[in-house]
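Written out below as structure tokens is the structure these notes cover.
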Amino acid sequence: MRVAGKGLIDRSRPISFRWDGTTYSGFQGDTLASALLAHDVRMVARSFKYHRPRGILSAGSEEPNALVTVGRGADTDPNVRATVQEIYEGLEARPQNAWPSLSFDVMAVNDLAAPFLGAGFYYKTFMWPGGFWEKLYEPLIRRAAGLGALGGEAAKDQSEKAYAFCDLLVIGAGPAGLMAALVAARSGADVILADEDSLMGGRLNAETLSVDGQSGHVWAGQMVETLRAMDNVRLMPRTTVTGAYDGGTFGALERVSHHLSGVPEGGVKDTFWRIVARRSVLAAGALERHIAFRNNDRPGVMAAGAVRAYLNRWGVAPGKALTLFANNDDAHRTACDLLDAGVHISGVIDSRPDAQAQGDYPLYAGAVVTGGHGRKELEAISLKTQTGTERLFTDCLAVSGGWNPTVHLTCHMNGRPTWEPRIASFVPTSGSIPGMETAGACNGAFSTAACLAEGVAAAQASLAALGMKSASVDLPVAEDTPYAIAPLWAVPGKGRAWLDFQNDVSVKDVKQSAAENFASVEHMKRYTTQGMATDQGKNSNVTALALLADATGRGIPDTGTTTFRPPYSPVPLAALGAGAKGKGFAPERFTTSHAASVEAKAPMVEAGQWYRPSYFPVQGERTWRQSCDREVGYVRNAVGVCDVSTLGKIDIQGPDAARLLDLVYTNMFSTLKEGRVRYGLMLREDGYVMDDGTTARLGPEHYVMTTTTAAAGQVMRHLEFVSQALHPEWDVRIMSVTEHWAQFAVAGPLARNLLSGVLDDPLTDEAWPFMSCGPVSVLGVAGRLFRISFSGEHAYELAIPARYGDSLFRLLVARAEAMAGGAYGMEALNVLRIEKGFITHAEIDGRVTAGDIGMARMISAKKDCMGKVMAARPGLVQEDRPQLVGLKPVGPVKQLSAGAHICSRDEDAVPTDDQGYITSVGFSPTMGHFVGLGFVKAGLGRHGEVLRMVDHLRGLDAQVELCDPVFFDPEGGRARG
Amino acid sequence: MRLPCPICGARDHREFYYQGAAVMLDRPEPDAGSDVWDEYLHLRPNVPGAHDELWSHDAGCGAWLRVTRNTVTHEVIGAVLASEVSR
């Protein structure tokens with residue numbers, strides 16, 4: 001129920017929302033949790049395993065119980081914490097993991113079967129028969145146990161990634177964080193202040209404490225406004241810093257639009273930030289822990305600090321007759337605040353015999369709560385007092401077992417927290433995260449004054465490390481109450497006392513784990529699943545390991561902790577993967593002929609990041625093969641034009657350019673004459689083939705290298721390595737010019753006729769013999785011509801600055817068409833080169849030596865080259881290596897397939913009898929049959945042999961004859977003529 | 001992780017290509033023998049602690065760097081241009 005005069009909500013702005021099919025109203029500033037509690041809605045969820053009724057436990061992101069589903073269809077967000085979800089007009093939320101309804105859930109029968117479902121039941125129960133686990137048990141268990149479900153429709157891409165840099169990242173905007181940010185900002189540092197709450201101020205918004213004579217929340221509000229007005233401060237509310245990584249990098253999730261009815265036009269739901277900070281201050285506060293007792297999970301049992309937060313921040317009393325169960329002084333504030341607000345306190349139960357009442361409420365000192373009563377809501381509690389037992393009627397029990405500092409981020413880089421007996425909990429170990437200071441409650445400082453002072457000190461230490469002078473800031477006056485606690489983890493007794501609410505782990509489970517010798521804390525965690533739910537055990541970890549320490553007779557420091565890992569709280573995969581859906585931001589590289597190819601309805605295929613035309617269909621053709629055969633015919637009989645700009649082009653200049661080429665290529669380039677082109681083979685240092693291509697010498701100190709499309713980046717990096725790292729003394733410069741030049745192959749018997757029409761000077765065989773190169777004038781534009789051939793025909797490649805590429809391509813194609821030729825695509829290019837036995841990366845796949853492709857003699861004996869030494873290793877030159885061969889079908893099956901394996905005709909097609917494999921195939925209209933390239937053991941000497949090709953995947957089994965890889969024009973007269 | 005490129009300044013590690021141990025800088029002579037070449041190419045000590053390694057600033061200036069990094073803490077201790085490593 002609402003309490004008059006309390007809370008920071010805006011009562012002039014009512015908001016209506018729906019929960020589980022019913023319309024409710026709340027106010028601006030409410031969370032779903034506070035608005036439901038205001039309407040006395042207690043049971044909001046069913047637990048994961050036993051489907052026990054559960055209510056709201058906390059008031060923050062650590063909430064284990066109140067997981068709900070928000071929205072419908074593509075807008076569904078499952079597993080939203082009701083304590084974090086702000087309400088907005090039209091918000092629609094519903095419970096999850098309950099059927100048919102929240103109040104009558106058939107799976108609650110699991111709770112009755114609990115004796116059989118305890119820790120380790122998976123491992124013990126579903127052992128037999130073996131196959132049943134996957135087929136029967138696991139699907140059943142998955143259906144019964146679970147969290148919320150996705151909407152079932154593809155979600156819109158409503159997330160983004162962002163990057164930020166700062167001098168100081170302050171994590172948490174409570175009193176410590178605000179002071180740290182202020183001191184750093186006043187000193188001139190570039191500050192980011194991130195807080196997971198919508199309202200900055202931390203516990204000051206949940207308490208009635210005062211700072212500098214003002215209400216704490218008023219002081220915090222003023223601090224936030226001061227910081228907001230400063231240019232060197234960025235405030236990031238609703239932003240959870242989820243992980244600490246190497247080099248001062250932090251991950252952070254900003255919930256941008258979850259508090260709005262719909263994502264604004266052009267906006268996003270979530271932003272995943274990568275923040276790089278030179279220094280950081282962790283001021284993440286503390287989380288209250290529970291005390292385990294029988295049925296301590298009944299809706300209505302809450303954290304004492306949360307009850308205080310609901311009262312002071314949201315003006316809500318979560319019950320009419322409240323009780324409190326605690327082992328520390330801090331929790332008594334809840335009773336005092338409730339009394340001040342006029343809420344009835346039925347009793348305060350403090351386990352410490354010497355506890356003193358701090359207000360006018362009935363105190364049961366030295367007493368414990370032994371059980372909760374009521375099924376779907378708390379109705380009463382049983383006490384064990386110093387004199388006997390008692391029963392109190394209550395609808396809300398506020399519990400505090402003390403506070404655990406939020407040390408999580410300090411453990412993300414292998415840091416382990418330190419046990420601090422004063423607060424009976426763990427504090428960060430200094431230096432766990434390089435560059436990080438810790439301050440305030442997360443450091444074990446629980447009074448407001450201590451938080452403020454530690455915030456200042458953390459900022460000063462950070463500034464000193466940054467080499468900045470710290471501005472002086474007055475320390476505000478605030479309470480400095482000492483923290484008094486006597487540890488109490490669990491109340492002994494019959495029945496199940498709960499630890500991990502989200503995974504339904506009880507005290508008994510931890511003891512059983514120890515009894516079965518899963519006594520290490522990491523084993524206990526995995527055996528019981530304590531701490532393995534989506535809250536990562538924020539409410540239960542310390543208690544569970546304290547109980548494990550008891551059960552095993554070790555102290556808590558010896559028992560140790562499990563490892564906290566990122567993220568601190570769940571991050572939607574959609575946010576982590578923002579920008580990567582579908583094509584995402586993957587680069588697309590288009591050639592200058594792209595538009596013309598698309599206009600010609602050529603299907604574009606990906607070649608790395610490039611897009612290249614597969615074939616150019618003409619009217620009447622029904623299959624790609626018809627187009628491909630026609631295009632091959634252009635080149636063999638007339639003239640074809642193909643964009644080859646995607647091949648890597650590397651400009652190499654300098655007095656030592658030739659030395660560089662001699663080192664990276666197996667063959668000589670220093671002897672190449674100006675105006676000539678040579679084919680080159682490149683090895684990796686381990687002796688295997690890296691790449692091949694042609695390199696032209698344009699001037700005495702000027703070469704242009706071409707690489708395959710696939711290896712352009714690798715070769716560029718390789719050349720840089722050789723020139724920078726191995727021979728920095730050489731005077732040579734390397735530049736990728738792939739994008740600078742559009743380059744077109746003009747191939748076929750009529751290639752010279754075609755080019756003569758576009759070149760300003762005559763194109764004669766004498767001036768332009770095979771493998772020549774040089775500058776040309778193309779209708780007045782300076783270009784380069786290379787007489788090289790990848791088709792075996794009389795051919796050229798004409799290069800022109802990229803800005804003329806589109807018009808030149810259209811012109812060349814139009815001229816070719818007038819000569820009964822035309823454009824050809826990748827399919828035809830592939831067939832043409834297989835007919836000639838030319839290799840691509842289908843052949844040189846990283847496992848192939850120069851000898852394997854018949855190029856052993858290309859490794860010059862006159863000089864060293866990269867890979868030469870290792871290429872001579874026995875395993876790389878042995879005679880039974882798979883060697884490049886041509887393949888043609890000779891049996892009744894006339895087809896070949898790439899990827900098929902080769903074996904003997906009289907052997908089974910099994911791996912042990914494997915003789916080789918096929919790398920490339922195509923139907924050759926020139927030869928009238930399929931042609932293929934492949935590698936067969938000692939294949940160079942086996943031409944004429946008939947073997948068997950087996951493709952298990954496509955169900956093909958054919959007889960193939962090994963032959964020379966050059967099917968067409970083996971003498972090469974057509975290219976030279 | 002951030003790498004201090006001597007040319008570009010501190011940059012995110014995703015701008016870089018990782019090559020491996022910096023021993024690749026010391027290419028043996030062709031006649032050094034198979035043991036030396038085997039060690040150069042294949043044998044790596046895998047030291048816990050400070051480790052010299054090669055990174056290429058592919059998405060930046062294209063420089064090859066010798067980066068010293070602590071393999072236990074991931075602390076990046078420094079970086080120099082591979083071309084300026086004295087040998």
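The chains in the structure tokens are called A, B, ... from first to last as shown; in each chain the residues are counted from 1, and the ligands are counted from 1 in the order shown.
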
**Expected answer as a VMD selection string: helix (DSSP H, G or I) residues in range 527-721 of chain A** = chain A and resid 527 to 528 541 to 552 556 to 559 573 to 576 594 to 599 624 to 637 657 to 664 712 to 721

**Request:** Write out as a ChimeraX atom specification all residues of range 683-851 of chain A that backbone DSSP assigns to strand (DSSP E or B).
**Result:** /A:683,689-699,702-707,733-736,741-747,759,772-778,781-786,795-801,822-823

**Request:** Tell me which of A:Leu726, A:Leu32, A:Ala176, A:Ala898 sits closest to Glu29 in chain B, counting only C-alpha atoms.
**Result:**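 Among the listed residues, the smallest separation from Glu29 in chain B belongs to A:Leu726.
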
**Request:** Fewer than 2 positions away in the same chain doesn't count, so skip those; otherwise give me all residues within 6 Å of range 66-68 of chain B, counting only C-alpha atoms, as a PyMOL selection string.
**Result:** chain B and resi 51-54+77-80+82

Selection from above, N, CA and C atoms, as a PDB file, in the first residue's frame, can you write it?
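What follows is the written file again.pdb:
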ATOM      1  N   HIS B  51      56.921 -11.111 -22.564  1.00  0.00           N
ATOM      2  CA  HIS B  51      57.019 -11.881 -23.791  1.00  0.00           C
ATOM      3  C   HIS B  51      57.027 -10.907 -24.967  1.00  0.00           C
ATOM      4  N   ASP B  52      58.013 -11.056 -25.844  1.00  0.00           N
ATOM      5  CA  ASP B  52      58.079 -10.205 -27.036  1.00  0.00           C
ATOM      6  C   ASP B  52      57.296 -10.872 -28.152  1.00  0.00           C
ATOM      7  N   GLU B  53      56.422 -10.117 -28.757  1.00  0.00           N
ATOM      8  CA  GLU B  53      55.614 -10.703 -29.827  1.00  0.00           C
ATOM      9  C   GLU B  53      55.406  -9.686 -30.950  1.00  0.00           C
ATOM     10  N   LEU B  54      54.986 -10.198 -32.077  1.00  0.00           N
ATOM     11  CA  LEU B  54      54.825  -9.357 -33.261  1.00  0.00           C
ATOM     12  C   LEU B  54      53.355  -9.106 -33.549  1.00  0.00           C
ATOM     13  N   ILE B  77      53.512  -3.960 -21.855  1.00  0.00           N
ATOM     14  CA  ILE B  77      54.627  -3.240 -21.244  1.00  0.00           C
ATOM     15  C   ILE B  77      55.193  -2.195 -22.198  1.00  0.00           C
ATOM     16  N   GLY B  78      55.119  -2.449 -23.474  1.00  0.00           N
ATOM     17  CA  GLY B  78      55.619  -1.461 -24.418  1.00  0.00           C
ATOM     18  C   GLY B  78      55.583  -1.989 -25.834  1.00  0.00           C
ATOM     19  N   ALA B  79      55.853  -1.091 -26.790  1.00  0.00           N
ATOM     20  CA  ALA B  79      55.878  -1.499 -28.192  1.00  0.00           C
ATOM     21  C   ALA B  79      56.874  -0.637 -28.947  1.00  0.00           C
ATOM     22  N   VAL B  80      57.635  -1.265 -29.828  1.00  0.00           N
ATOM     23  CA  VAL B  80      58.535  -0.520 -30.706  1.00  0.00           C
ATOM     24  C   VAL B  80      58.285  -0.983 -32.137  1.00  0.00           C
ATOM     25  N   ALA B  82      59.029  -2.673 -35.462  1.00  0.00           N
ATOM     26  CA  ALA B  82      59.902  -3.809 -35.789  1.00  0.00           C
ATOM     27  C   ALA B  82      61.116  -3.327 -36.569  1.00  0.00           C
TER      28      ALA B  82
END

**Prompt:** If you count only C-alpha atoms, which residues fall within 6 Å of Trp55 in chain B, apart from same-chain ones fewer than 2 positions away, as a count of residues only?
**Reply:** 5

**Counting only C-alpha atoms, chain A residues within 8 Å of chain B, as a PyMOL selection string** = chain A and resi 245-249+685-686+717+720-721+724-728+864+869-870

Please, could you write that set of residues out with N, CA and C atoms as a tab-separated table (two decimals), in the first residue's frame?
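Produced file result-v1.tsv, reproduced below:
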chain	number	residue	atom	x	y	z
A	245	TYR	N	38.03	-5.46	-18.05
A	245	TYR	CA	38.90	-6.22	-18.95
A	245	TYR	C	40.29	-5.59	-19.01
A	246	ASP	N	41.14	-6.21	-19.83
A	246	ASP	CA	42.53	-5.77	-19.93
A	246	ASP	C	42.65	-4.31	-20.36
A	247	GLY	N	43.68	-3.66	-19.87
A	247	GLY	CA	44.04	-2.34	-20.37
A	247	GLY	C	43.04	-1.26	-20.06
A	248	GLY	N	42.36	-1.35	-18.92
A	248	GLY	CA	41.41	-0.29	-18.54
A	248	GLY	C	40.15	-0.28	-19.38
A	249	THR	N	39.83	-1.42	-19.97
A	249	THR	CA	38.61	-1.50	-20.79
A	249	THR	C	37.47	-2.08	-19.95
A	685	GLU	N	57.23	-19.12	-45.17
A	685	GLU	CA	58.54	-19.49	-44.65
A	685	GLU	C	58.62	-20.98	-44.34
A	686	ASP	N	57.47	-21.64	-44.14
A	686	ASP	CA	57.51	-23.08	-43.86
A	686	ASP	C	57.58	-23.92	-45.13
A	717	ARG	N	50.60	-7.88	-46.12
A	717	ARG	CA	51.16	-7.95	-44.77
A	717	ARG	C	52.53	-8.65	-44.79
A	720	GLU	N	55.14	-6.31	-46.13
A	720	GLU	CA	55.46	-5.33	-45.09
A	720	GLU	C	56.37	-5.96	-44.04
A	721	PHE	N	56.09	-7.22	-43.72
A	721	PHE	CA	56.91	-7.90	-42.72
A	721	PHE	C	58.35	-8.02	-43.20
A	724	GLN	N	59.83	-4.35	-43.42
A	724	GLN	CA	59.98	-3.62	-42.15
A	724	GLN	C	60.78	-4.41	-41.12
A	725	ALA	N	60.47	-5.71	-41.02
A	725	ALA	CA	61.00	-6.47	-39.90
A	725	ALA	C	62.29	-7.21	-40.25
A	726	LEU	N	62.37	-7.74	-41.48
A	726	LEU	CA	63.57	-8.51	-41.83
A	726	LEU	C	64.63	-7.63	-42.48
A	727	HIS	N	64.19	-6.66	-43.29
A	727	HIS	CA	65.19	-5.84	-43.99
A	727	HIS	C	64.84	-4.35	-43.93
A	728	PRO	N	64.82	-3.81	-42.71
A	728	PRO	CA	64.50	-2.38	-42.60
A	728	PRO	C	65.56	-1.51	-43.29
A	864	ASP	N	68.57	-17.06	-52.39
A	864	ASP	CA	67.70	-17.44	-51.27
A	864	ASP	C	66.31	-16.88	-51.54
A	869	VAL	N	64.45	-22.85	-47.68
A	869	VAL	CA	65.10	-23.85	-46.84
A	869	VAL	C	64.10	-24.92	-46.42
A	870	MET	N	62.94	-24.49	-45.95
A	870	MET	CA	62.00	-25.47	-45.43
A	870	MET	C	61.30	-26.25	-46.54

**Item:** Nearest candidate to Pro570 in chain A (options A:Gly21, A:Gly939, A:Gly243, A:Gly792; using only C-alpha atoms)
**Value:**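 Of A:Gly21, A:Gly939, A:Gly243, A:Gly792, the one nearest Pro570 in chain A, counting only C-alpha atoms, is A:Gly243.
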
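Counting only C-alpha atoms, Leu962 in chain A has the following residues at most 7 Å away, ignoring those fewer than 5 positions along the same chain: Val885, Gly886, Leu887, Lys888, Arg942, His943, Gly944, Glu945 and Val946 of chain A.
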
Those residues you just picked out, can you put them in a file as a compact mmCIF listing (two decimals), in the first residue's frame with C-alpha atoms?
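Result saved to result-v8.txt:
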# COMPACT_ATOMS: atom_id res chain seq x y z
CA VAL A 885 46.77 -33.70 -62.30
CA GLY A 886 44.02 -33.14 -64.81
CA LEU A 887 40.96 -35.38 -64.57
CA LYS A 888 38.35 -36.36 -67.10
CA ARG A 942 50.45 -41.48 -63.62
CA HIS A 943 48.86 -39.75 -66.63
CA GLY A 944 46.63 -42.18 -68.49
CA GLU A 945 45.74 -44.23 -65.43
CA VAL A 946 42.03 -44.75 -64.76

**Prompt:** Which value, in Å to one decimal, gives the distance between CA of Ser382 in chain A and CA of Pro362 in chain A?
**Reply:**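 Separation of CA of Ser382 in chain A and CA of Pro362 in chain A: 15.4 Å.
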
**Request:** State, in Å with one decimal place, the distance from CA of Arg659 in chain A to CA of Ala712 in chain A.
**Result:**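 Distance between the two atoms: 20.4 Å.
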
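For the atom pair formed by CA of Glu254 in chain A and CA of Tyr568 in chain A, the distance is 13.1 Å, given to one decimal.
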
**Request:** Do a neighbour search on Asp330 in chain A at 12 Å with only C-alpha atoms, toss out local chain neighbours closer than 3 positions, and write the hits as a PyMOL selection string.
**Result:** chain A and resi 207+288+304-305+308+324-327+333-337+350+355-358+399-403+423+446-447+480-486

Can I get the selection written as a CSV table (one decimal), in the first residue's frame, with N, CA and C atoms?
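The resulting file, result18.csv, is shown below:
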chain,number,residue,atom,x,y,z
A,207,GLU,N,17.2,6.0,1.9
A,207,GLU,CA,17.3,6.2,3.3
A,207,GLU,C,16.7,7.6,3.7
A,288,GLU,N,22.5,-6.6,0.3
A,288,GLU,CA,22.1,-7.2,1.6
A,288,GLU,C,21.9,-8.7,1.4
A,304,ALA,N,15.6,-6.4,4.3
A,304,ALA,CA,15.2,-5.2,5.1
A,304,ALA,C,15.5,-3.9,4.4
A,305,GLY,N,16.7,-3.9,3.8
A,305,GLY,CA,17.1,-2.6,3.1
A,305,GLY,C,16.1,-2.3,1.9
A,308,ARG,N,13.0,-0.8,3.2
A,308,ARG,CA,13.3,0.7,3.5
A,308,ARG,C,13.3,1.5,2.2
A,324,LEU,N,10.5,-7.8,11.5
A,324,LEU,CA,11.9,-7.6,11.0
A,324,LEU,C,12.7,-8.7,11.7
A,325,PHE,N,13.6,-9.3,10.9
A,325,PHE,CA,14.5,-10.3,11.5
A,325,PHE,C,15.9,-10.0,11.0
A,326,ALA,N,16.8,-9.7,12.1
A,326,ALA,CA,18.1,-9.2,11.7
A,326,ALA,C,19.2,-9.7,12.7
A,327,ASN,N,20.4,-9.5,12.3
A,327,ASN,CA,21.6,-9.8,13.1
A,327,ASN,C,22.5,-8.6,13.2
A,333,ARG,N,17.0,0.4,11.2
A,333,ARG,CA,16.5,1.6,10.6
A,333,ARG,C,15.2,1.3,9.8
A,334,THR,N,15.1,0.1,9.3
A,334,THR,CA,13.8,-0.2,8.6
A,334,THR,C,12.7,0.0,9.6
A,335,ALA,N,12.8,-0.6,10.8
A,335,ALA,CA,11.7,-0.5,11.7
A,335,ALA,C,11.5,1.0,12.1
A,336,CYS,N,12.5,1.7,12.3
A,336,CYS,CA,12.4,3.1,12.7
A,336,CYS,C,11.7,3.9,11.6
A,337,ASP,N,12.1,3.7,10.3
A,337,ASP,CA,11.5,4.5,9.2
A,337,ASP,C,10.0,4.1,9.0
A,350,ASP,N,15.8,-9.9,16.8
A,350,ASP,CA,17.3,-9.8,16.6
A,350,ASP,C,18.0,-10.9,17.2
A,355,ALA,N,21.0,-7.0,21.7
A,355,ALA,CA,20.5,-6.0,20.8
A,355,ALA,C,19.6,-5.0,21.5
A,356,GLN,N,19.7,-3.7,21.1
A,356,GLN,CA,18.9,-2.7,21.7
A,356,GLN,C,17.9,-2.2,20.7
A,357,ALA,N,16.7,-1.9,21.2
A,357,ALA,CA,15.7,-1.3,20.4
A,357,ALA,C,16.1,0.2,20.1
A,358,GLN,N,15.9,0.6,18.9
A,358,GLN,CA,16.2,2.0,18.5
A,358,GLN,C,14.9,2.8,18.3
A,399,VAL,N,14.1,-9.0,6.3
A,399,VAL,CA,15.2,-9.8,6.8
A,399,VAL,C,16.6,-9.2,6.4
A,400,SER,N,17.5,-9.1,7.4
A,400,SER,CA,18.8,-8.7,7.1
A,400,SER,C,19.9,-9.6,7.8
A,401,GLY,N,20.7,-10.2,7.0
A,401,GLY,CA,21.8,-11.0,7.5
A,401,GLY,C,23.1,-10.2,7.4
A,402,GLY,N,23.0,-8.9,7.1
A,402,GLY,CA,24.2,-8.1,7.0
A,402,GLY,C,24.4,-7.7,5.5
A,403,TRP,N,25.4,-7.0,5.2
A,403,TRP,CA,25.7,-6.5,3.8
A,403,TRP,C,26.9,-7.1,3.3
A,423,ILE,N,33.0,-7.0,9.2
A,423,ILE,CA,31.7,-6.9,8.6
A,423,ILE,C,31.2,-8.3,8.2
A,446,PHE,N,30.6,1.3,5.6
A,446,PHE,CA,29.2,1.3,5.6
A,446,PHE,C,28.5,2.6,6.1
A,447,SER,N,29.3,3.5,6.7
A,447,SER,CA,28.6,4.8,7.1
A,447,SER,C,28.7,5.8,6.0
A,480,ASP,N,28.1,8.8,11.0
A,480,ASP,CA,29.2,7.9,11.0
A,480,ASP,C,29.0,6.7,11.9
A,481,THR,N,27.8,6.1,11.8
A,481,THR,CA,27.4,5.1,12.8
A,481,THR,C,28.3,3.8,12.5
A,482,PRO,N,28.9,3.3,13.6
A,482,PRO,CA,29.6,2.0,13.4
A,482,PRO,C,28.7,0.9,13.0
A,483,TYR,N,29.2,-0.1,12.3
A,483,TYR,CA,28.5,-1.2,11.8
A,483,TYR,C,28.6,-2.3,12.8
A,484,ALA,N,27.5,-2.8,13.4
A,484,ALA,CA,27.6,-3.8,14.4
A,484,ALA,C,26.8,-5.0,13.9
A,485,ILE,N,27.5,-6.2,13.9
A,485,ILE,CA,26.9,-7.4,13.3
A,485,ILE,C,27.4,-8.6,14.1
A,486,ALA,N,26.6,-9.6,14.3
A,486,ALA,CA,27.0,-10.9,14.8
A,486,ALA,C,26.5,-11.9,13.7

**Request:** For Met771 in chain A, work out the shell of residues within 6 Å, counting only C-alpha atoms and skipping chain neighbours fewer than 3 positions away, then give it as a list in words.
**Result:**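 Listed by chain and then number, they are Arg676, Val677, Arg787 and Ile788 of chain A.
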
Please produce an output containing N, CA and C atoms for each residue in the selection, written as an mmCIF file, in the first residue's frame.
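Saved as again.cif:
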data_model
loop_
_atom_site.group_PDB
_atom_site.id
_atom_site.type_symbol
_atom_site.label_atom_id
_atom_site.label_comp_id
_atom_site.auth_asym_id
_atom_site.auth_seq_id
_atom_site.Cartn_x
_atom_site.Cartn_y
_atom_site.Cartn_z
ATOM 1 N N ARG A 676 58.294 -5.668 -69.082
ATOM 2 C CA ARG A 676 57.975 -7.087 -69.156
ATOM 3 C C ARG A 676 57.254 -7.532 -67.878
ATOM 4 N N VAL A 677 56.509 -8.635 -68.036
ATOM 5 C CA VAL A 677 55.750 -9.217 -66.941
ATOM 6 C C VAL A 677 56.247 -10.630 -66.718
ATOM 7 N N ARG A 787 50.089 -7.552 -71.414
ATOM 8 C CA ARG A 787 49.678 -8.657 -72.301
ATOM 9 C C ARG A 787 49.886 -9.967 -71.538
ATOM 10 N N ILE A 788 48.902 -10.310 -70.782
ATOM 11 C CA ILE A 788 48.935 -11.538 -69.992
ATOM 12 C C ILE A 788 47.624 -12.275 -70.213
#

**Best match for closeness to Pro4 in chain B among B:Gly60, B:Leu43, B:Gly49, B:Val23, counting only C-alpha atoms** =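 The shortest atom-to-atom distance to Pro4 in chain B comes from B:Gly60.
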
**Request:** Can you work out which one of B:Ala21, B:Ala10, B:Cys61, B:Cys5 has the shortest atom-to-atom distance to Arg44 in chain B, counting only C-alpha atoms?
**Result:**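 Of B:Ala21, B:Ala10, B:Cys61, B:Cys5, the one nearest Arg44 in chain B, counting only C-alpha atoms, is B:Ala21.
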